[in-house]
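Listing of coords-v3.pdb, PDB, C-alpha atoms and all ligand atoms
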ATOM      1  CA  MET A 129       9.259 -22.319  -5.959
ATOM      2  CA  VAL A 130       7.474 -20.595  -8.841
ATOM      3  CA  LYS A 131       7.105 -16.945  -7.998
ATOM      4  CA  ARG A 132       3.743 -15.409  -8.773
ATOM      5  CA  TYR A 133       5.002 -11.856  -9.132
ATOM      6  CA  GLY A 134       8.552 -10.609  -9.656
ATOM      7  CA  ARG A 135       7.916  -7.068  -8.473
ATOM      8  CA  VAL A 136       5.049  -5.811  -6.351
ATOM      9  CA  LEU A 137       3.823  -2.585  -4.843
ATOM     10  CA  LEU A 138       2.495  -3.210  -1.354
ATOM     11  CA  LYS A 139       0.058  -0.598  -0.064
ATOM     12  CA  LEU A 140      -0.457  -0.460   3.683
ATOM     13  CA  SER A 141      -2.756   1.949   5.451
ATOM     14  CA  GLY A 142      -1.330   4.169   8.121
ATOM     15  CA  GLU A 143      -4.129   3.065  10.415
ATOM     16  CA  SER A 144      -2.937  -0.546  10.313
ATOM     17  CA  LEU A 145       0.394   0.512  11.863
ATOM     18  CA  ALA A 146      -1.431   1.863  14.891
ATOM     19  CA  GLY A 147      -2.575  -1.615  15.967
ATOM     20  CA  GLN A 148      -5.109  -1.839  18.803
ATOM     21  CA  GLN A 149      -4.375   1.627  20.190
ATOM     22  CA  GLY A 150      -5.859   3.284  17.067
ATOM     23  CA  TYR A 151      -3.229   6.046  16.711
ATOM     24  CA  GLY A 152       0.531   6.381  16.334
ATOM     25  CA  LEU A 153       2.796   3.386  15.817
ATOM     26  CA  ASP A 154       2.542  -0.054  17.384
ATOM     27  CA  SER A 155       5.930  -1.758  17.415
ATOM     28  CA  SER A 156       4.439  -5.251  17.424
ATOM     29  CA  VAL A 157       2.622  -4.480  14.145
ATOM     30  CA  LEU A 158       5.803  -2.959  12.702
ATOM     31  CA  GLN A 159       7.716  -6.080  13.664
ATOM     32  CA  GLU A 160       5.107  -8.432  12.156
ATOM     33  CA  TYR A 161       4.899  -6.501   8.895
ATOM     34  CA  ALA A 162       8.676  -6.103   8.686
ATOM     35  CA  HIS A 163       9.116  -9.846   9.215
ATOM     36  CA  ALA A 164       6.644 -10.688   6.426
ATOM     37  CA  ILE A 165       8.174  -8.147   4.041
ATOM     38  CA  THR A 166      11.748  -9.244   4.737
ATOM     39  CA  THR A 167      10.803 -12.884   4.216
ATOM     40  CA  VAL A 168       9.376 -12.310   0.736
ATOM     41  CA  ALA A 169      12.225  -9.960  -0.198
ATOM     42  CA  HIS A 170      14.741 -12.646   0.780
ATOM     43  CA  GLN A 171      12.804 -15.113  -1.365
ATOM     44  CA  GLY A 172      13.487 -12.858  -4.353
ATOM     45  CA  THR A 173      10.378 -10.710  -4.751
ATOM     46  CA  GLN A 174      11.176  -7.059  -5.404
ATOM     47  CA  VAL A 175       9.064  -5.063  -2.964
ATOM     48  CA  ALA A 176       8.105  -1.388  -3.150
ATOM     49  CA  ILE A 177       5.880  -0.090  -0.365
ATOM     50  CA  VAL A 178       3.548   2.867  -0.018
ATOM     51  CA  VAL A 179       2.317   3.486   3.516
ATOM     52  CA  GLY A 180      -0.554   5.813   4.335
ATOM     53  CA  GLY A 181      -0.590   8.390   7.087
ATOM     54  CA  GLY A 182      -4.059   8.056   8.607
ATOM     55  CA  ASN A 183      -2.668   6.969  12.006
ATOM     56  CA  ILE A 184      -1.110  10.423  12.373
ATOM     57  CA  PHE A 185      -2.866  13.003  10.206
ATOM     58  CA  ARG A 186      -5.253  13.199   7.267
ATOM     59  CA  GLY A 187      -5.788  16.392   5.287
ATOM     60  CA  LEU A 188      -9.571  16.219   5.438
ATOM     61  CA  GLN A 189      -9.433  15.723   9.185
ATOM     62  CA  GLY A 190      -7.431  18.985   9.285
ATOM     63  CA  VAL A 191     -10.099  20.791   7.278
ATOM     64  CA  GLU A 192     -12.680  19.800   9.916
ATOM     65  CA  ALA A 193     -10.418  21.352  12.532
ATOM     66  CA  GLY A 194      -9.982  24.571  10.528
ATOM     67  CA  PHE A 195      -6.751  23.936   8.570
ATOM     68  CA  ALA A 196      -6.476  24.895   4.903
ATOM     69  CA  ARG A 197      -6.854  21.778   2.759
ATOM     70  CA  ALA A 198      -3.500  22.024   0.970
ATOM     71  CA  LYS A 199      -1.605  22.555   4.245
ATOM     72  CA  GLY A 200      -3.479  19.735   5.914
ATOM     73  CA  ASP A 201      -2.622  17.482   2.978
ATOM     74  CA  GLN A 202       1.045  18.398   3.296
ATOM     75  CA  MET A 203       0.884  17.441   6.950
ATOM     76  CA  GLY A 204      -0.730  14.172   5.865
ATOM     77  CA  MET A 205       2.104  13.546   3.419
ATOM     78  CA  LEU A 206       4.673  14.183   6.166
ATOM     79  CA  SER A 207       2.885  11.562   8.274
ATOM     80  CA  THR A 208       3.626   8.979   5.609
ATOM     81  CA  VAL A 209       7.327   9.835   5.885
ATOM     82  CA  ILE A 210       7.276   9.115   9.619
ATOM     83  CA  ASN A 211       5.522   5.791   8.988
ATOM     84  CA  SER A 212       7.911   4.818   6.192
ATOM     85  CA  MET A 213      10.958   5.627   8.320
ATOM     86  CA  ALA A 214       9.554   3.488  11.122
ATOM     87  CA  LEU A 215       8.825   0.512   8.874
ATOM     88  CA  ALA A 216      12.243   0.822   7.188
ATOM     89  CA  GLN A 217      13.963   0.611  10.570
ATOM     90  CA  TRP A 218      12.038  -2.503  11.527
ATOM     91  CA  ILE A 219      12.844  -4.112   8.165
ATOM     92  CA  GLU A 220      16.539  -3.503   8.852
ATOM     93  CA  MET A 221      16.135  -4.990  12.335
ATOM     94  CA  GLU A 222      14.668  -8.089  10.687
ATOM     95  CA  GLY A 223      17.829  -8.385   8.597
ATOM     96  CA  GLY A 224      16.499  -6.754   5.429
ATOM     97  CA  LYS A 225      17.787  -3.746   3.536
ATOM     98  CA  ALA A 226      15.391  -0.820   3.203
ATOM     99  CA  VAL A 227      15.604   2.571   1.530
ATOM    100  CA  VAL A 228      13.162   5.445   2.005
ATOM    101  CA  PHE A 229      12.465   7.702  -0.952
ATOM    102  CA  THR A 230      10.321  10.809  -0.623
ATOM    103  CA  ALA A 231       8.278  12.462  -3.377
ATOM    104  CA  THR A 232       9.641  15.889  -2.383
ATOM    105  CA  PRO A 233      13.304  16.433  -1.375
ATOM    106  CA  MET A 234      13.920  15.816   2.315
ATOM    107  CA  MET A 235      17.622  15.181   2.520
ATOM    108  CA  PRO A 236      19.238  13.974   4.759
ATOM    109  CA  ILE A 237      16.122  12.282   6.163
ATOM    110  CA  ALA A 238      15.502  10.245   3.020
ATOM    111  CA  GLN A 239      16.483  10.085  -0.634
ATOM    112  CA  HIS A 240      14.598  12.143  -3.185
ATOM    113  CA  TYR A 241      12.503   9.767  -5.311
ATOM    114  CA  SER A 242      13.546   9.127  -8.866
ATOM    115  CA  LEU A 243      12.393   6.305 -11.079
ATOM    116  CA  ASP A 244      15.982   5.253 -11.845
ATOM    117  CA  GLY A 245      16.996   5.401  -8.193
ATOM    118  CA  ALA A 246      14.040   3.302  -7.066
ATOM    119  CA  ASN A 247      14.538   0.825  -9.916
ATOM    120  CA  ALA A 248      18.213   0.411  -9.028
ATOM    121  CA  SER A 249      17.384  -0.222  -5.358
ATOM    122  CA  LEU A 250      14.727  -2.776  -6.280
ATOM    123  CA  GLU A 251      17.141  -4.553  -8.631
ATOM    124  CA  ARG A 252      19.615  -4.784  -5.740
ATOM    125  CA  GLY A 253      16.952  -6.514  -3.660
ATOM    126  CA  GLU A 254      16.380  -3.555  -1.351
ATOM    127  CA  VAL A 255      12.886  -2.906  -0.025
ATOM    128  CA  VAL A 256      11.902   0.511  -1.303
ATOM    129  CA  LEU A 257       9.600   2.709   0.782
ATOM    130  CA  LEU A 258       7.920   5.409  -1.270
ATOM    131  CA  ALA A 259       6.969   8.131   1.168
ATOM    132  CA  GLY A 260       5.374  11.544   0.925
ATOM    133  CA  GLY A 261       2.473  10.424  -1.277
ATOM    134  CA  THR A 262       2.506  11.891  -4.777
ATOM    135  CA  GLY A 263       3.933  15.129  -3.384
ATOM    136  CA  ASN A 264       0.670  16.900  -4.239
ATOM    137  CA  PRO A 265      -2.346  17.822  -2.148
ATOM    138  CA  TYR A 266      -5.806  16.519  -3.095
ATOM    139  CA  PHE A 267      -4.414  13.046  -3.694
ATOM    140  CA  THR A 268      -4.319   9.983  -1.465
ATOM    141  CA  THR A 269      -1.701   7.378  -0.774
ATOM    142  CA  ASP A 270      -3.849   4.927  -2.771
ATOM    143  CA  SER A 271      -3.234   7.178  -5.763
ATOM    144  CA  ALA A 272       0.470   7.379  -4.928
ATOM    145  CA  ALA A 273       0.540   3.579  -4.790
ATOM    146  CA  ALA A 274      -1.197   3.262  -8.171
ATOM    147  CA  LEU A 275       1.091   5.864  -9.724
ATOM    148  CA  ARG A 276       4.292   4.238  -8.470
ATOM    149  CA  ALA A 277       3.063   0.743  -9.340
ATOM    150  CA  ALA A 278       2.507   1.874 -12.941
ATOM    151  CA  GLU A 279       5.761   3.840 -13.102
ATOM    152  CA  LEU A 280       7.880   1.020 -11.640
ATOM    153  CA  ARG A 281       6.030  -1.514 -13.809
ATOM    154  CA  CYS A 282       5.021  -3.639 -10.853
ATOM    155  CA  ASP A 283       3.291  -6.921 -11.647
ATOM    156  CA  ALA A 284       0.575  -6.150  -9.109
ATOM    157  CA  LEU A 285      -0.556  -3.685  -6.493
ATOM    158  CA  LEU A 286      -1.170  -5.610  -3.273
ATOM    159  CA  LYS A 287      -3.555  -3.763  -1.013
ATOM    160  CA  GLY A 288      -3.047  -5.103   2.482
ATOM    161  CA  THR A 289      -6.156  -4.577   4.599
ATOM    162  CA  ARG A 290      -7.749  -6.097   7.674
ATOM    163  CA  VAL A 291     -10.396  -7.963   5.654
ATOM    164  CA  ASP A 292      -9.524 -10.791   3.309
ATOM    165  CA  GLY A 293     -10.875  -9.301   0.109
ATOM    166  CA  VAL A 294     -13.744  -7.474  -1.557
ATOM    167  CA  TYR A 295     -17.242  -8.499  -0.469
ATOM    168  CA  THR A 296     -20.749  -8.046  -1.830
ATOM    169  CA  ALA A 297     -21.489  -6.024   1.344
ATOM    170  CA  ASP A 298     -19.551  -5.027   4.467
ATOM    171  CA  PRO A 299     -18.741  -8.411   6.097
ATOM    172  CA  GLU A 300     -18.384  -6.716   9.489
ATOM    173  CA  LYS A 301     -22.037  -5.618   9.284
ATOM    174  CA  ASP A 302     -23.770  -8.095   6.985
ATOM    175  CA  PRO A 303     -23.278 -11.819   7.778
ATOM    176  CA  SER A 304     -24.636 -12.833   4.349
ATOM    177  CA  ALA A 305     -21.874 -10.891   2.525
ATOM    178  CA  ARG A 306     -19.934 -13.016   0.005
ATOM    179  CA  LYS A 307     -16.345 -12.558  -1.064
ATOM    180  CA  TYR A 308     -15.369 -12.069  -4.689
ATOM    181  CA  THR A 309     -12.298 -14.060  -5.673
ATOM    182  CA  ARG A 310     -11.909 -12.309  -9.018
ATOM    183  CA  LEU A 311     -13.406  -9.178 -10.541
ATOM    184  CA  THR A 312     -12.754  -7.123 -13.618
ATOM    185  CA  PHE A 313     -12.222  -3.386 -13.190
ATOM    186  CA  ALA A 314     -15.438  -2.863 -15.168
ATOM    187  CA  ASP A 315     -17.413  -5.171 -12.827
ATOM    188  CA  ALA A 316     -16.032  -3.463  -9.751
ATOM    189  CA  TYR A 317     -16.891  -0.058 -11.154
ATOM    190  CA  GLU A 318     -20.390  -1.101 -12.197
ATOM    191  CA  LYS A 319     -21.098  -2.647  -8.801
ATOM    192  CA  ARG A 320     -19.747   0.502  -7.118
ATOM    193  CA  LEU A 321     -17.388  -1.615  -5.013
ATOM    194  CA  LYS A 322     -15.041   0.486  -2.946
ATOM    195  CA  ILE A 323     -11.576  -0.936  -3.611
ATOM    196  CA  MET A 324      -9.487   2.211  -3.856
ATOM    197  CA  ASP A 325     -10.440   5.795  -4.587
ATOM    198  CA  LEU A 326     -11.421   6.367  -8.218
ATOM    199  CA  THR A 327      -8.201   8.156  -9.194
ATOM    200  CA  ALA A 328      -6.146   5.180  -8.011
ATOM    201  CA  PHE A 329      -8.585   2.670  -9.462
ATOM    202  CA  THR A 330      -8.542   4.306 -12.912
ATOM    203  CA  LEU A 331      -4.753   4.591 -12.953
ATOM    204  CA  CYS A 332      -4.469   0.859 -12.303
ATOM    205  CA  GLN A 333      -7.096   0.010 -14.893
ATOM    206  CA  GLU A 334      -5.578   2.180 -17.629
ATOM    207  CA  ASN A 335      -2.062   0.946 -16.959
ATOM    208  CA  HIS A 336      -2.979  -2.733 -16.580
ATOM    209  CA  VAL A 337      -1.842  -3.033 -12.985
ATOM    210  CA  PRO A 338      -3.879  -5.798 -11.302
ATOM    211  CA  ILE A 339      -4.946  -5.136  -7.717
ATOM    212  CA  VAL A 340      -5.018  -7.853  -5.068
ATOM    213  CA  VAL A 341      -6.952  -7.000  -1.903
ATOM    214  CA  PHE A 342      -5.874  -9.339   0.908
ATOM    215  CA  ASN A 343      -5.649  -9.563   4.674
ATOM    216  CA  MET A 344      -2.189  -8.365   5.695
ATOM    217  CA  ASN A 345      -2.826  -9.226   9.342
ATOM    218  CA  GLY A 346      -2.986 -12.997   8.855
ATOM    219  CA  LYS A 347       0.369 -14.584   9.742
ATOM    220  CA  GLY A 348       2.190 -15.800   6.618
ATOM    221  CA  ASN A 349      -0.421 -14.337   4.246
ATOM    222  CA  LEU A 350       1.956 -12.149   2.258
ATOM    223  CA  GLU A 351       4.360 -15.047   1.794
ATOM    224  CA  ARG A 352       1.605 -17.447   0.739
ATOM    225  CA  LEU A 353       0.084 -14.907  -1.640
ATOM    226  CA  LEU A 354       3.441 -14.399  -3.333
ATOM    227  CA  ALA A 355       3.991 -18.151  -3.478
ATOM    228  CA  GLY A 356       0.900 -18.363  -5.670
ATOM    229  CA  GLU A 357      -1.836 -19.293  -3.208
ATOM    230  CA  GLU A 358      -5.310 -18.048  -4.167
ATOM    231  CA  MET A 359      -6.029 -15.375  -1.629
ATOM    232  CA  GLY A 360      -8.156 -12.287  -1.288
ATOM    233  CA  THR A 361      -9.735 -10.672  -4.350
ATOM    234  CA  LEU A 362      -7.972 -10.144  -7.659
ATOM    235  CA  VAL A 363      -9.124  -7.161  -9.731
ATOM    236  CA  GLU A 364      -7.848  -7.108 -13.300
ATOM    237  CA  ASN A 365      -8.750  -5.993 -16.797
TER     238      ASN A 365
HETATM  239  N1  LIG B 401      -1.863  12.978   0.942
HETATM  240  C1  LIG B 401      -1.813  13.963  -0.053
HETATM  241  N2  LIG B 401      -1.295  13.649  -1.278
HETATM  242  C2  LIG B 401      -0.860  12.402  -1.585
HETATM  243  C3  LIG B 401      -0.952  11.395  -0.580
HETATM  244  C4  LIG B 401      -1.448  11.723   0.662
HETATM  245  O1  LIG B 401      -2.195  15.098   0.169
HETATM  246  O2  LIG B 401      -0.399  12.176  -2.719
HETATM  247  C5  LIG B 401      -2.303  13.354   2.292
HETATM  248  C6  LIG B 401      -3.812  13.423   2.484
HETATM  249  O3  LIG B 401      -4.084  14.517   3.324
HETATM  250  C7  LIG B 401      -4.125  12.135   3.211
HETATM  251  C8  LIG B 401      -2.898  11.934   4.059
HETATM  252  O4  LIG B 401      -1.826  12.403   3.235
HETATM  253  O5  LIG B 401      -5.262  12.260   4.013
HETATM  254  C9  LIG B 401      -2.627  10.530   4.489
HETATM  255  O6  LIG B 401      -2.805   9.648   3.429
HETATM  256  P1  LIG B 401      -4.032   8.608   3.366
HETATM  257  O7  LIG B 401      -5.270   9.224   3.931
HETATM  258  O8  LIG B 401      -4.108   8.081   1.973
HETATM  259  O9  LIG B 401      -3.511   7.508   4.342
HETATM  260  P2  LIG B 401      -4.200   6.119   4.789
HETATM  261  O10 LIG B 401      -5.686   6.331   4.831
HETATM  262  O11 LIG B 401      -3.830   5.101   3.732
HETATM  263  O12 LIG B 401      -3.578   5.842   6.125
END

Could you show the structure in this file as structure tokens?
Amino acid sequence: MVKRYGRVLLKLSGESLAGQQGYGLDSSVLQEYAHAITTVAHQGTQVAIVVGGGNIFRGLQGVEAGFARAKGDQMGMLSTVINSMALAQWIEMEGGKAVVFTATPMMPIAQHYSLDGANASLERGEVVLLAGGTGNPYFTTDSAAALRAAELRCDALLKGTRVDGVYTADPEKDPSARKYTRLTFADAYEKRLKIMDLTAFTLCQENHVPIVVFNMNGKGNLERLLAGEEMGTLVEN
């Protein structure tokens, strides 16, 4: 099988891990995702993952409730550690090997992220979970994903969502919405298409990291995408 990408950064939202219940962690989603991730890792794709924290806490949500922004953001970053630890455990249960790295030191809960450490794990075929965002408030996990994808020289940033790509309008609201199969960063920017926040988007554009937006909830999608099937929307320079 010809592999499409040797090394990818998979970005998953925290919300997706909550499944139908809308908060916390749904073990059936964890199992499904872990199965898909372990399958592609066993097929030889090096997989780094950034998970969001929106199923537990978001900084801005804290501000609405009266928290200071920076503290709320730190709580948000801690949420991503919980999610990464959960997904890592399910990957191991599926027979994979997973290592959690955190942006700020959190020993013995996880390893402190370093580029060399993460590279070495990826080379060994371990799934690498990059938790704790960028380590800084005022950023998002999309930005953390873009940063790590550039740093680890990933061939693509795969943004797993619940829709199968980028549309001309919201397909859940507008039945005439059409899907883009390919876009340039410039097109996406001009059309004001919301793919990732602008910090993340610009980082990818400047560092030539293509983004693929695809539906992570379709069974076998991740595997088929990595096997070279046209899927979702590709955004590139
Ligand atoms: N966050 C942060 N810095 C980062 C990454 C994340 O402060 O580098 C915080 C921020 O408060 C954010 C929360 O962590 O709201 C959870 O991340 P995000 O909202 O990106 O998660 P998702 O929406 O993908 O579940």

Do you know which residues are at most 12 Å from A:Met234 counting only C-alpha atoms, after dropping those on the same chain fewer than 3 positions away, and could you put them as an MDAnalysis selection string?
chainID A and resid 206 209:210 228:231 237:241 259:260 263

Axis-aligned box for ligand LIG 401 (chain B), 8 Å per side, centre and edges in Å as JSON:
{"center_x": -3.0, "center_y": 10.1, "center_z": 1.7, "size_x": 21.3, "size_y": 26.0, "size_z": 24.8}

Report, in Å to a single decimal, how far apart atom CA of A:Arg310 and atom CA of A:Glu357 are.
13.6 Å

Pick the closest to A:Gln333 from A:Ala314, A:Asp201, A:Leu350, A:Val256: which is it, counting all atoms listed in the file?
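The closest residue to A:Gln333 is A:Ala314.
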
Within 6 Å of ligand LIG 401 (chain B), counting all atoms listed in the file, which protein or nucleic acid residues do you find, written as number ranges by chain?
A: 141-143, 180-182, 186-187, 200-202, 204-205, 261-270, 272

For A:Ala164, the closest of A:Leu138, A:Ala193, A:Val179, A:Ile323 counting only C-alpha atoms is A:Leu138

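With all atoms listed in the file as the basis for measurement, A:Lys287 is the residue among A:Lys301, A:Lys287, A:His163, A:Lys319 that approaches A:Val341 most closely.
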
With the file shown as input, list the residues that the PyMOL selection byres (((chain A and resi 297) around 12) and not hetatm) selects, as JSON, numbers by chain.
{"A": [293, 294, 295, 296, 298, 299, 300, 301, 302, 303, 304, 305, 306, 307, 308, 319, 320, 321, 322]}

With C-alpha atoms retained, could you export that selection as an mmCIF file, in the coordinates of the input?
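Result file follows (part27.cif):
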data_model
loop_
_atom_site.group_PDB
_atom_site.id
_atom_site.type_symbol
_atom_site.label_atom_id
_atom_site.label_comp_id
_atom_site.auth_asym_id
_atom_site.auth_seq_id
_atom_site.Cartn_x
_atom_site.Cartn_y
_atom_site.Cartn_z
ATOM 1 C CA GLY A 293 -10.875 -9.301 0.109
ATOM 2 C CA VAL A 294 -13.744 -7.474 -1.557
ATOM 3 C CA TYR A 295 -17.242 -8.499 -0.469
ATOM 4 C CA THR A 296 -20.749 -8.046 -1.830
ATOM 5 C CA ASP A 298 -19.551 -5.027 4.467
ATOM 6 C CA PRO A 299 -18.741 -8.411 6.097
ATOM 7 C CA GLU A 300 -18.384 -6.716 9.489
ATOM 8 C CA LYS A 301 -22.037 -5.618 9.284
ATOM 9 C CA ASP A 302 -23.770 -8.095 6.985
ATOM 10 C CA PRO A 303 -23.278 -11.819 7.778
ATOM 11 C CA SER A 304 -24.636 -12.833 4.349
ATOM 12 C CA ALA A 305 -21.874 -10.891 2.525
ATOM 13 C CA ARG A 306 -19.934 -13.016 0.005
ATOM 14 C CA LYS A 307 -16.345 -12.558 -1.064
ATOM 15 C CA TYR A 308 -15.369 -12.069 -4.689
ATOM 16 C CA LYS A 319 -21.098 -2.647 -8.801
ATOM 17 C CA ARG A 320 -19.747 0.502 -7.118
ATOM 18 C CA LEU A 321 -17.388 -1.615 -5.013
ATOM 19 C CA LYS A 322 -15.041 0.486 -2.946
#

For a quick check of your reading of the model, name the residues lying within 8 Å of the coordinate (18.5, 0.9, 6.3), counting all atoms listed in the file, and write them as a list in words.
Ala216, Gln217, Ile219, Glu220, Gly224, Lys225, Ala226 and Val227 of chain A

The PyMOL selection byres (((chain A and resi 144-154) around 9) and not hetatm) resolved against shown file, as a PyMOL selection string
chain A and resi 140-143+155-159+161+182-184+211+214-215+289-290+345

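The coordinates place atom CA of A:Lys347 at 27.5 Å from atom CA of A:Arg281.
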
From A:Met221, A:Ile165, A:Cys332, A:Val191, residue lying nearest A:Asp283 [only C-alpha atoms]
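Selected residue with least distance to A:Asp283: A:Cys332.
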
Using all atoms listed in the file, which of A:Asn365, A:Thr232, A:Ser207, A:Asn349 sits nearest A:Val168?
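Residue with the minimum atom-to-atom distance to A:Val168: A:Asn349.
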
Counting only C-alpha atoms, the option among A:Leu285, A:Val175, A:Ala162, A:Met344 closest to A:Arg252
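Going through A:Leu285, A:Val175, A:Ala162, A:Met344 one by one, the smallest distance to A:Arg252 is for A:Val175.
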
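Counting from atom CA of A:Glu334, the distance to atom CA of A:Ala274 is 10.5 Å.
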
Once all heavy atoms are restored for stretch 157-165 of chain A, what would the output be as a JSON list (two decimals), in the frame of the given file?
[["chain", "number", "residue", "atom", "x", "y", "z"],
["A", 157, "VAL", "N", 3.10, -4.44, 15.54],
["A", 157, "VAL", "CA", 2.62, -4.48, 14.14],
["A", 157, "VAL", "C", 3.80, -4.24, 13.20],
["A", 157, "VAL", "O", 3.98, -4.93, 12.20],
["A", 157, "VAL", "CB", 1.51, -3.42, 13.89],
["A", 157, "VAL", "CG1", 1.10, -3.41, 12.43],
["A", 157, "VAL", "CG2", 0.30, -3.67, 14.78],
["A", 158, "LEU", "N", 4.63, -3.25, 13.55],
["A", 158, "LEU", "CA", 5.80, -2.96, 12.70],
["A", 158, "LEU", "C", 6.68, -4.20, 12.57],
["A", 158, "LEU", "O", 7.15, -4.53, 11.48],
["A", 158, "LEU", "CB", 6.63, -1.81, 13.30],
["A", 158, "LEU", "CG", 6.01, -0.41, 13.19],
["A", 158, "LEU", "CD1", 6.77, 0.58, 14.06],
["A", 158, "LEU", "CD2", 6.02, 0.06, 11.73],
["A", 159, "GLN", "N", 6.86, -4.89, 13.68],
["A", 159, "GLN", "CA", 7.72, -6.08, 13.66],
["A", 159, "GLN", "C", 7.10, -7.18, 12.79],
["A", 159, "GLN", "O", 7.78, -7.80, 11.97],
["A", 159, "GLN", "CB", 7.93, -6.56, 15.11],
["A", 159, "GLN", "CG", 9.09, -7.53, 15.28],
["A", 159, "GLN", "CD", 8.64, -8.98, 15.15],
["A", 159, "GLN", "OE1", 7.50, -9.31, 15.46],
["A", 159, "GLN", "NE2", 9.53, -9.83, 14.67],
["A", 160, "GLU", "N", 5.79, -7.40, 12.95],
["A", 160, "GLU", "CA", 5.11, -8.43, 12.16],
["A", 160, "GLU", "C", 5.18, -8.13, 10.66],
["A", 160, "GLU", "O", 5.50, -9.00, 9.86],
["A", 160, "GLU", "CB", 3.62, -8.44, 12.53],
["A", 160, "GLU", "CG", 3.19, -9.64, 13.34],
["A", 160, "GLU", "CD", 1.78, -9.45, 13.85],
["A", 160, "GLU", "OE1", 0.88, -9.23, 13.02],
["A", 160, "GLU", "OE2", 1.60, -9.50, 15.08],
["A", 161, "TYR", "N", 4.87, -6.89, 10.31],
["A", 161, "TYR", "CA", 4.90, -6.50, 8.90],
["A", 161, "TYR", "C", 6.32, -6.60, 8.35],
["A", 161, "TYR", "O", 6.55, -7.09, 7.26],
["A", 161, "TYR", "CB", 4.36, -5.06, 8.70],
["A", 161, "TYR", "CG", 2.86, -4.93, 8.80],
["A", 161, "TYR", "CD1", 2.05, -6.01, 9.16],
["A", 161, "TYR", "CD2", 2.23, -3.73, 8.50],
["A", 161, "TYR", "CE1", 0.67, -5.88, 9.25],
["A", 161, "TYR", "CE2", 0.85, -3.59, 8.56],
["A", 161, "TYR", "CZ", 0.07, -4.66, 8.95],
["A", 161, "TYR", "OH", -1.29, -4.53, 9.01],
["A", 162, "ALA", "N", 7.28, -6.09, 9.14],
["A", 162, "ALA", "CA", 8.68, -6.10, 8.69],
["A", 162, "ALA", "C", 9.15, -7.54, 8.47],
["A", 162, "ALA", "O", 9.85, -7.83, 7.51],
["A", 162, "ALA", "CB", 9.56, -5.39, 9.70],
["A", 163, "HIS", "N", 8.72, -8.44, 9.35],
["A", 163, "HIS", "CA", 9.12, -9.85, 9.22],
["A", 163, "HIS", "C", 8.56, -10.42, 7.91],
["A", 163, "HIS", "O", 9.28, -11.06, 7.13],
["A", 163, "HIS", "CB", 8.61, -10.65, 10.42],
["A", 163, "HIS", "CG", 8.95, -12.10, 10.33],
["A", 163, "HIS", "ND1", 10.23, -12.58, 10.54],
["A", 163, "HIS", "CD2", 8.20, -13.17, 9.97],
["A", 163, "HIS", "CE1", 10.24, -13.89, 10.34],
["A", 163, "HIS", "NE2", 9.02, -14.27, 10.00],
["A", 164, "ALA", "N", 7.28, -10.16, 7.65],
["A", 164, "ALA", "CA", 6.64, -10.69, 6.43],
["A", 164, "ALA", "C", 7.32, -10.11, 5.18],
["A", 164, "ALA", "O", 7.61, -10.84, 4.22],
["A", 164, "ALA", "CB", 5.15, -10.33, 6.44],
["A", 165, "ILE", "N", 7.59, -8.82, 5.21],
["A", 165, "ILE", "CA", 8.17, -8.15, 4.04],
["A", 165, "ILE", "C", 9.60, -8.65, 3.79],
["A", 165, "ILE", "O", 9.99, -8.96, 2.66],
["A", 165, "ILE", "CB", 8.15, -6.61, 4.26],
["A", 165, "ILE", "CG1", 6.71, -6.10, 4.24],
["A", 165, "ILE", "CG2", 9.01, -5.89, 3.22],
["A", 165, "ILE", "CD1", 6.50, -4.76, 4.92]]
